[in-house]
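Peer 1: You'll find model-v4.cif just under this line, and it carries mmCIF, C-alpha atoms.
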```cif
data_start
#
loop_
_atom_site.label_atom_id
_atom_site.label_comp_id
_atom_site.auth_asym_id
_atom_site.auth_seq_id
_atom_site.Cartn_x
_atom_site.Cartn_y
_atom_site.Cartn_z
CA MET F 1 0.00 0.00 0.00
CA TYR F 2 2.74 2.45 0.91
CA ASN F 3 5.04 1.27 -1.88
CA PHE F 4 3.07 3.24 -4.47
CA MET F 5 3.78 6.48 -2.61
CA VAL F 6 7.38 5.51 -1.92
CA LYS F 7 8.05 4.66 -5.56
CA LEU F 8 6.63 8.03 -6.66
CA LEU F 9 8.80 9.87 -4.14
CA ASN F 10 11.88 7.89 -5.19
CA PHE F 11 11.12 8.53 -8.84
CA ILE F 12 10.99 12.28 -8.23
CA GLU F 13 14.03 12.25 -5.95
CA SER F 14 16.17 10.40 -8.50
CA SER F 15 15.86 13.21 -11.05
CA THR F 16 17.88 16.42 -11.03
CA ASP F 17 15.57 18.04 -13.59
CA HIS F 18 12.08 18.57 -12.20
CA THR F 19 10.94 20.20 -15.45
CA LYS F 20 10.94 16.84 -17.23
CA SER F 21 7.50 15.63 -18.30
CA GLU F 22 7.84 12.37 -16.36
CA ILE F 23 8.64 14.22 -13.13
CA ILE F 24 5.71 16.58 -13.67
CA ILE F 25 3.47 13.52 -14.13
CA ALA F 26 4.80 11.88 -10.94
CA GLN F 27 4.31 15.09 -8.95
CA PHE F 28 0.77 15.49 -10.27
CA ILE F 29 -0.12 11.92 -9.30
CA LEU F 30 1.34 12.37 -5.83
CA ARG F 31 -0.65 15.57 -5.27
CA ASN F 32 -3.85 14.29 -6.86
CA VAL F 33 -3.81 10.55 -6.24
CA GLU F 34 -7.54 10.46 -5.37
CA ARG F 35 -8.36 11.71 -8.89
CA ILE F 36 -6.26 9.18 -10.81
CA PRO F 37 -8.68 6.18 -10.74
CA HIS F 38 -11.34 8.38 -12.40
CA MET F 39 -9.10 9.99 -15.04
CA THR F 40 -8.64 8.69 -18.55
CA ILE F 41 -5.13 8.71 -19.94
CA TYR F 42 -6.18 11.67 -22.07
CA LYS F 43 -7.39 13.66 -19.08
CA LEU F 44 -4.16 13.01 -17.19
CA ALA F 45 -2.12 14.01 -20.23
CA GLU F 46 -4.12 17.21 -20.52
CA ALA F 47 -3.67 17.99 -16.80
CA CYS F 48 0.09 17.50 -17.13
CA HIS F 49 0.33 19.38 -20.43
CA THR F 50 1.72 16.38 -22.24
CA SER F 51 0.58 13.53 -24.51
CA PRO F 52 -1.00 10.12 -23.83
CA ALA F 53 2.12 8.53 -25.34
CA THR F 54 4.25 10.29 -22.71
CA ILE F 55 1.94 8.97 -19.96
CA THR F 56 2.39 5.46 -21.35
CA ARG F 57 6.18 5.87 -21.38
CA PHE F 58 6.05 7.20 -17.82
CA CYS F 59 4.14 4.11 -16.62
CA LYS F 60 6.68 1.85 -18.27
CA LYS F 61 9.64 3.70 -16.79
CA PHE F 62 8.00 4.17 -13.40
CA ASP F 63 7.33 0.50 -12.71
CA ASP F 64 7.03 -1.39 -16.00
CA ILE F 65 3.22 -1.16 -15.93
CA ASN F 66 0.45 0.19 -18.17
CA TYR F 67 -1.95 3.03 -17.39
CA LYS F 68 -4.73 0.69 -16.28
CA GLU F 69 -2.37 -0.88 -13.71
CA LEU F 70 -1.28 2.58 -12.55
CA LYS F 71 -4.92 3.49 -11.86
CA GLU F 72 -5.44 0.26 -9.95
CA ARG F 73 -2.39 0.90 -7.75
CA ALA F 74 -3.66 4.40 -7.04
CA ARG F 75 -7.09 2.95 -6.13
CA THR F 76 -5.54 0.40 -3.75
CA PHE F 77 -3.45 3.12 -2.11
CA ILE F 78 -6.53 5.32 -1.63
CA GLU F 79 -8.59 2.50 -0.16
CA TYR F 80 -5.91 1.67 2.37
CA ASN F 81 -5.49 5.30 3.40
CA THR F 82 -9.19 6.14 3.60
CA ASN F 83 -8.83 6.37 7.38
CA GLU F 84 -5.43 6.91 8.94
CA VAL F 85 -7.16 6.75 12.32
CA MET F 86 -9.92 4.28 13.25
CA VAL F 87 -13.30 5.97 12.82
CA GLU F 88 -14.50 5.62 16.41
CA TYR F 89 -11.23 7.12 17.68
CA ALA F 90 -11.23 9.94 15.14
CA GLU F 91 -14.84 10.88 15.91
CA SER F 92 -14.19 11.30 19.63
CA LYS F 93 -13.11 14.75 20.73
CA TYR F 94 -9.37 15.35 20.87
CA SER F 95 -8.09 16.15 24.33
CA ALA F 96 -4.87 16.21 26.31
CA GLY F 97 -5.90 12.78 27.56
CA LYS F 98 -5.39 11.30 24.11
CA LEU F 99 -1.88 12.71 23.95
CA ASN F 100 -1.20 11.40 27.44
CA ASP F 101 -2.49 8.01 26.36
CA TYR F 102 0.02 7.95 23.51
CA PHE F 103 2.95 8.72 25.80
CA GLU F 104 1.76 6.16 28.34
CA GLN F 105 1.54 3.50 25.63
CA LEU F 106 4.93 4.53 24.29
CA GLN F 107 6.50 4.43 27.74
CA LEU F 108 5.12 0.95 28.43
CA SER F 109 6.38 -0.37 25.11
CA LEU F 110 9.81 1.18 25.60
CA GLN F 111 10.07 -0.41 29.04
CA GLU F 112 9.30 -3.75 27.43
CA THR F 113 11.85 -3.11 24.69
CA LYS F 114 14.44 -2.20 27.32
CA LYS F 115 13.93 -5.61 28.95
CA LEU F 116 14.12 -7.39 25.61
CA LEU F 117 17.32 -5.68 24.44
CA SER F 118 20.03 -7.94 25.81
CA SER F 119 23.46 -6.31 26.20
CA LYS F 120 24.99 -9.55 25.00
CA GLU F 121 22.93 -9.48 21.79
CA ILE F 122 23.69 -5.81 21.19
CA ILE F 123 27.44 -6.33 21.65
CA MET F 124 27.33 -9.40 19.42
CA ALA F 125 25.69 -7.33 16.70
CA THR F 126 28.32 -4.60 16.99
CA HIS F 127 31.11 -7.12 16.53
CA LYS F 128 29.44 -8.59 13.45
CA ILE F 129 29.09 -5.12 11.97
CA ARG F 130 32.69 -4.27 12.87
CA GLN F 131 34.04 -7.41 11.21
CA ALA F 132 31.95 -7.03 8.06
CA VAL F 133 33.42 -5.45 4.95
CA LYS F 134 30.09 -3.67 4.46
CA VAL F 135 26.88 -3.37 6.44
CA SER F 136 23.69 -2.99 4.43
CA PHE F 137 20.56 -1.75 6.18
CA PHE F 138 17.22 -2.85 4.74
CA GLY F 139 13.65 -1.73 5.36
CA VAL F 140 10.66 -0.49 3.43
CA THR F 141 8.25 2.42 3.97
CA TYR F 142 8.69 3.61 7.58
CA SER F 143 11.37 1.05 8.31
CA HIS F 144 13.40 2.44 5.44
CA LEU F 145 13.63 5.78 7.28
CA LEU F 146 15.19 3.87 10.17
CA ALA F 147 17.54 2.04 7.80
CA ARG F 148 18.66 5.36 6.31
CA ASN F 149 19.07 6.77 9.83
CA ALA F 150 21.33 3.82 10.69
CA GLN F 151 23.33 4.29 7.49
CA PHE F 152 24.06 7.91 8.38
CA LYS F 153 25.08 7.00 11.93
CA PHE F 154 27.47 4.20 10.95
CA THR F 155 28.91 6.12 8.02
CA ARG F 156 29.85 8.86 10.50
CA LEU F 157 31.71 6.19 12.47
CA GLY F 158 33.72 5.27 9.38
CA LYS F 159 31.79 2.12 8.47
CA ASN F 160 31.00 1.27 4.86
CA ALA F 161 27.18 1.33 5.05
CA THR F 162 24.33 1.34 2.53
CA ALA F 163 20.55 1.80 2.74
CA TYR F 164 18.80 1.96 -0.62
CA SER F 165 15.33 3.48 -0.73
CA ASP F 166 13.88 1.74 -3.78
CA PRO F 167 12.84 -1.86 -3.02
CA GLU F 168 14.20 -3.17 -6.30
CA ASN F 169 17.57 -1.54 -5.59
CA GLN F 170 17.51 -3.26 -2.20
CA ILE F 171 17.07 -6.60 -3.95
CA ILE F 172 19.97 -5.77 -6.29
CA GLU F 173 22.09 -4.87 -3.26
CA ALA F 174 21.18 -8.17 -1.59
CA LYS F 175 22.23 -10.08 -4.69
CA THR F 176 25.62 -8.33 -4.90
CA MET F 177 26.57 -8.73 -1.23
CA THR F 178 29.08 -11.36 -0.16
CA ALA F 179 29.40 -13.58 2.90
CA ASN F 180 31.93 -11.05 4.24
CA ASP F 181 29.18 -8.42 4.51
CA VAL F 182 26.27 -8.27 6.95
CA ALA F 183 22.63 -7.36 6.35
CA VAL F 184 20.63 -5.59 9.04
CA VAL F 185 16.96 -6.04 8.19
CA ILE F 186 14.48 -3.81 10.02
CA SER F 187 10.83 -4.86 10.01
CA PHE F 188 8.31 -4.69 12.84
CA SER F 189 6.17 -7.58 11.60
CA GLY F 190 8.96 -9.43 9.80
CA GLU F 191 6.28 -10.87 7.53
CA THR F 192 5.61 -8.37 4.72
CA ARG F 193 5.81 -9.72 1.19
CA PHE F 194 8.91 -7.69 0.35
CA ILE F 195 10.77 -8.69 3.52
CA VAL F 196 10.07 -12.37 2.83
CA ARG F 197 11.40 -11.93 -0.71
CA LEU F 198 14.47 -10.03 0.50
CA VAL F 199 15.33 -12.58 3.18
CA LYS F 200 15.09 -15.42 0.67
CA VAL F 201 17.60 -13.64 -1.59
CA LEU F 202 19.96 -13.00 1.32
CA ASN F 203 19.75 -16.61 2.50
CA LYS F 204 20.32 -17.92 -1.00
CA ASN F 205 23.57 -15.95 -1.14
CA ASN F 206 24.58 -16.94 2.42
CA ILE F 207 24.57 -13.35 3.66
CA PRO F 208 24.59 -13.06 7.49
CA ILE F 209 21.37 -11.40 8.69
CA ILE F 210 20.79 -9.38 11.84
CA ALA F 211 17.03 -8.96 12.27
CA ILE F 212 15.42 -6.12 14.21
CA THR F 213 11.76 -7.01 14.66
CA GLY F 214 8.84 -7.16 17.04
CA PHE F 215 8.18 -10.86 16.62
CA SER F 216 10.64 -13.65 17.38
CA ASN F 217 8.51 -16.15 15.45
CA SER F 218 8.28 -14.08 12.26
CA PHE F 219 9.69 -15.24 8.93
CA LEU F 220 12.47 -12.67 9.25
CA ALA F 221 13.46 -13.76 12.77
CA GLU F 222 13.38 -17.46 11.97
CA ASN F 223 15.65 -16.96 8.95
CA ALA F 224 18.14 -14.57 10.54
CA ASN F 225 21.51 -15.41 12.07
CA GLN F 226 20.73 -13.10 14.98
CA THR F 227 17.47 -11.52 16.11
CA ILE F 228 17.12 -8.38 18.19
CA CYS F 229 13.54 -8.17 19.43
CA ILE F 230 11.62 -5.08 20.47
CA SER F 231 8.17 -4.76 22.05
CA SER F 232 5.36 -6.09 19.87
CA HIS F 233 3.02 -3.46 21.29
CA LYS F 234 1.29 -1.08 18.89
CA MET F 235 -1.61 1.36 18.94
CA ASP F 236 -4.27 -0.21 16.76
CA TYR F 237 -6.09 3.11 16.42
CA PHE F 238 -3.51 4.26 13.89
CA LYS F 239 -2.23 2.79 10.64
CA SER F 240 1.06 4.66 10.96
CA PRO F 241 3.52 2.97 13.37
CA VAL F 242 3.45 5.73 16.00
CA VAL F 243 4.76 3.37 18.70
CA GLU F 244 6.57 0.70 16.68
CA GLU F 245 8.95 3.09 14.90
CA ILE F 246 10.23 4.55 18.18
CA ASN F 247 10.97 1.08 19.54
CA LEU F 248 12.71 0.03 16.34
CA LEU F 249 14.76 3.23 16.44
CA SER F 250 15.73 2.53 20.05
CA ALA F 251 17.18 -0.81 18.95
CA VAL F 252 19.13 0.87 16.12
CA ASN F 253 20.41 3.50 18.54
CA SER F 254 21.40 0.86 21.09
CA ILE F 255 23.61 -0.86 18.51
CA TYR F 256 25.01 2.49 17.39
CA LEU F 257 25.83 3.58 20.95
CA ALA F 258 27.51 0.28 21.78
CA TYR F 259 29.50 0.37 18.54
CA SER F 260 30.68 3.95 19.09
CA ILE F 261 31.75 3.22 22.68
CA ILE F 262 33.49 -0.11 21.99
CA PHE F 263 35.27 0.77 18.75
CA LYS F 264 35.86 4.53 19.01
#
```
Would you mind writing the structure in this file as structure tokens?
Peer 2:
Amino acid sequence: MYNFMVKLLNFIESSTDHTKSEIIIAQFILRNVERIPHMTIYKLAEACHTSPATITRFCKKFDDINYKELKERARTFIEYNTNEVMVEYAESKYSAGKLNDYFEQLQLSLQETKKLLSSKEIIMATHKIRQAVKVSFFGVTYSHLLARNAQFKFTRLGKNATAYSDPENQIIEAKTMTANDVAVVISFSGETRFIVRLVKVLNKNNIPIIAITGFSNSFLAENANQTICISSHKMDYFKSPVVEEINLLSAVNSIYLAYSIIFK
């Protein structure tokens, strides 16, 4: 569901010329995604001041799809995001109590994560990263932001680190890694379709995996060489991971802090 948005953002980000027709099309879709399922290719071309042929080429370059498939992906994205917050929660009046509830839930989950984060496991992970020729951080949608965060932190410490944003580039990275590298895969559920695909590629190439996840029985955890577990708690009122992402980040930061203290 989020991949459609992420791919559009990546597509725009990868270009240095935002006056190109294809970038204008991507920006229009991102700003007007709710209109796309109801627009013909001719209407979209007119709105972007281009031709239907250019729209077709954009779809092909964007994700090797046709315009009908583009509309369907936009429709799926809209349906998923119809309500970011559960209706009964959204309809109740906002108050300081709701904000307090969030911090209470966050505090409880962080306390649980603190208990789950074993110093032994954290130190073990730092040594694996230290010994690796390269550490590649993987994650999609919100987890990718954490992967990129980790890349920045470890690059500052002098470690060769990568964190590609586009899922297909992550697969390419996984295929080019060697057994002398290490993959740090960040996924709260550890069960999304992309993560399962990624882990299978990494395992096929015998790449050591350090998993950061909320579930020790997930596909990711069961196929990793080492698993660092965080609290599985989440606030079901929201589709965005308002609790999960903080706990995942705390695990990333724990590894970073240990690494910087031990090896710097």
Peer 1: Considering only C-alpha atoms, give me a table of residues in range 228-252 of chain F that are at most 12 Å from range 66-82 of chain F, with the closest atom pair and distance in Å for each, as a Markdown table.
Peer 2:
```
| residue | atom | partner | partner_atom | distance |
| --- | --- | --- | --- | --- |
| F:Phe238 | CA | F:Asn81 | CA | 10.7 |
| F:Lys239 | CA | F:Asn81 | CA | 8.3 |
| F:Ser240 | CA | F:Asn81 | CA | 10.0 |
```
Peer 1: What's around range 158-160 of chain F at 12 Å? Count all atoms listed in the file, leave out sequence neighbours fewer than 2 positions away in its own chain, and write the answer as a CSV table (one decimal) with C-alpha atoms, keeping the file's coordinate frame.
Peer 2:
```
chain,number,residue,atom,x,y,z
F,126,THR,CA,28.3,-4.6,17.0
F,129,ILE,CA,29.1,-5.1,12.0
F,130,ARG,CA,32.7,-4.3,12.9
F,131,GLN,CA,34.0,-7.4,11.2
F,132,ALA,CA,32.0,-7.0,8.1
F,133,VAL,CA,33.4,-5.4,5.0
F,134,LYS,CA,30.1,-3.7,4.5
F,135,VAL,CA,26.9,-3.4,6.4
F,136,SER,CA,23.7,-3.0,4.4
F,137,PHE,CA,20.6,-1.8,6.2
F,150,ALA,CA,21.3,3.8,10.7
F,151,GLN,CA,23.3,4.3,7.5
F,152,PHE,CA,24.1,7.9,8.4
F,153,LYS,CA,25.1,7.0,11.9
F,154,PHE,CA,27.5,4.2,11.0
F,155,THR,CA,28.9,6.1,8.0
F,156,ARG,CA,29.8,8.9,10.5
F,162,THR,CA,24.3,1.3,2.5
F,163,ALA,CA,20.6,1.8,2.7
F,181,ASP,CA,29.2,-8.4,4.5
F,182,VAL,CA,26.3,-8.3,7.0
F,256,TYR,CA,25.0,2.5,17.4
F,259,TYR,CA,29.5,0.4,18.5
F,260,SER,CA,30.7,4.0,19.1
F,263,PHE,CA,35.3,0.8,18.8
F,264,LYS,CA,35.9,4.5,19.0
```
Peer 1: Tell me which residues the PyMOL selection byres ((chain F and resi 221) around 10) grabs here, as a count of residues only.
Peer 2: 26
Peer 1: Written as an NGL selection string, which residues does the PyMOL selection byres ((chain F and resi 16-32) around 9) give for the file shown?
Peer 2: :F and (5 or 8-9 or 11-15 or 33-36 or 44-45 or 47-50 or 54-55 or 57-58 or 61-62 or 74)
Peer 1: Might you pull out every residue within 10 Å of Ala258 in chain F, with all atoms listed in the file counted and same-chain residues fewer than 5 positions away left off, and present them as a list in words?
Peer 2: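 Neighbouring residues, sequence-local ones excluded: Ser119, Ile122, Ile123, Met124, Ala125, Thr126, His127, Asn253, Phe263 and Lys264 of chain F.
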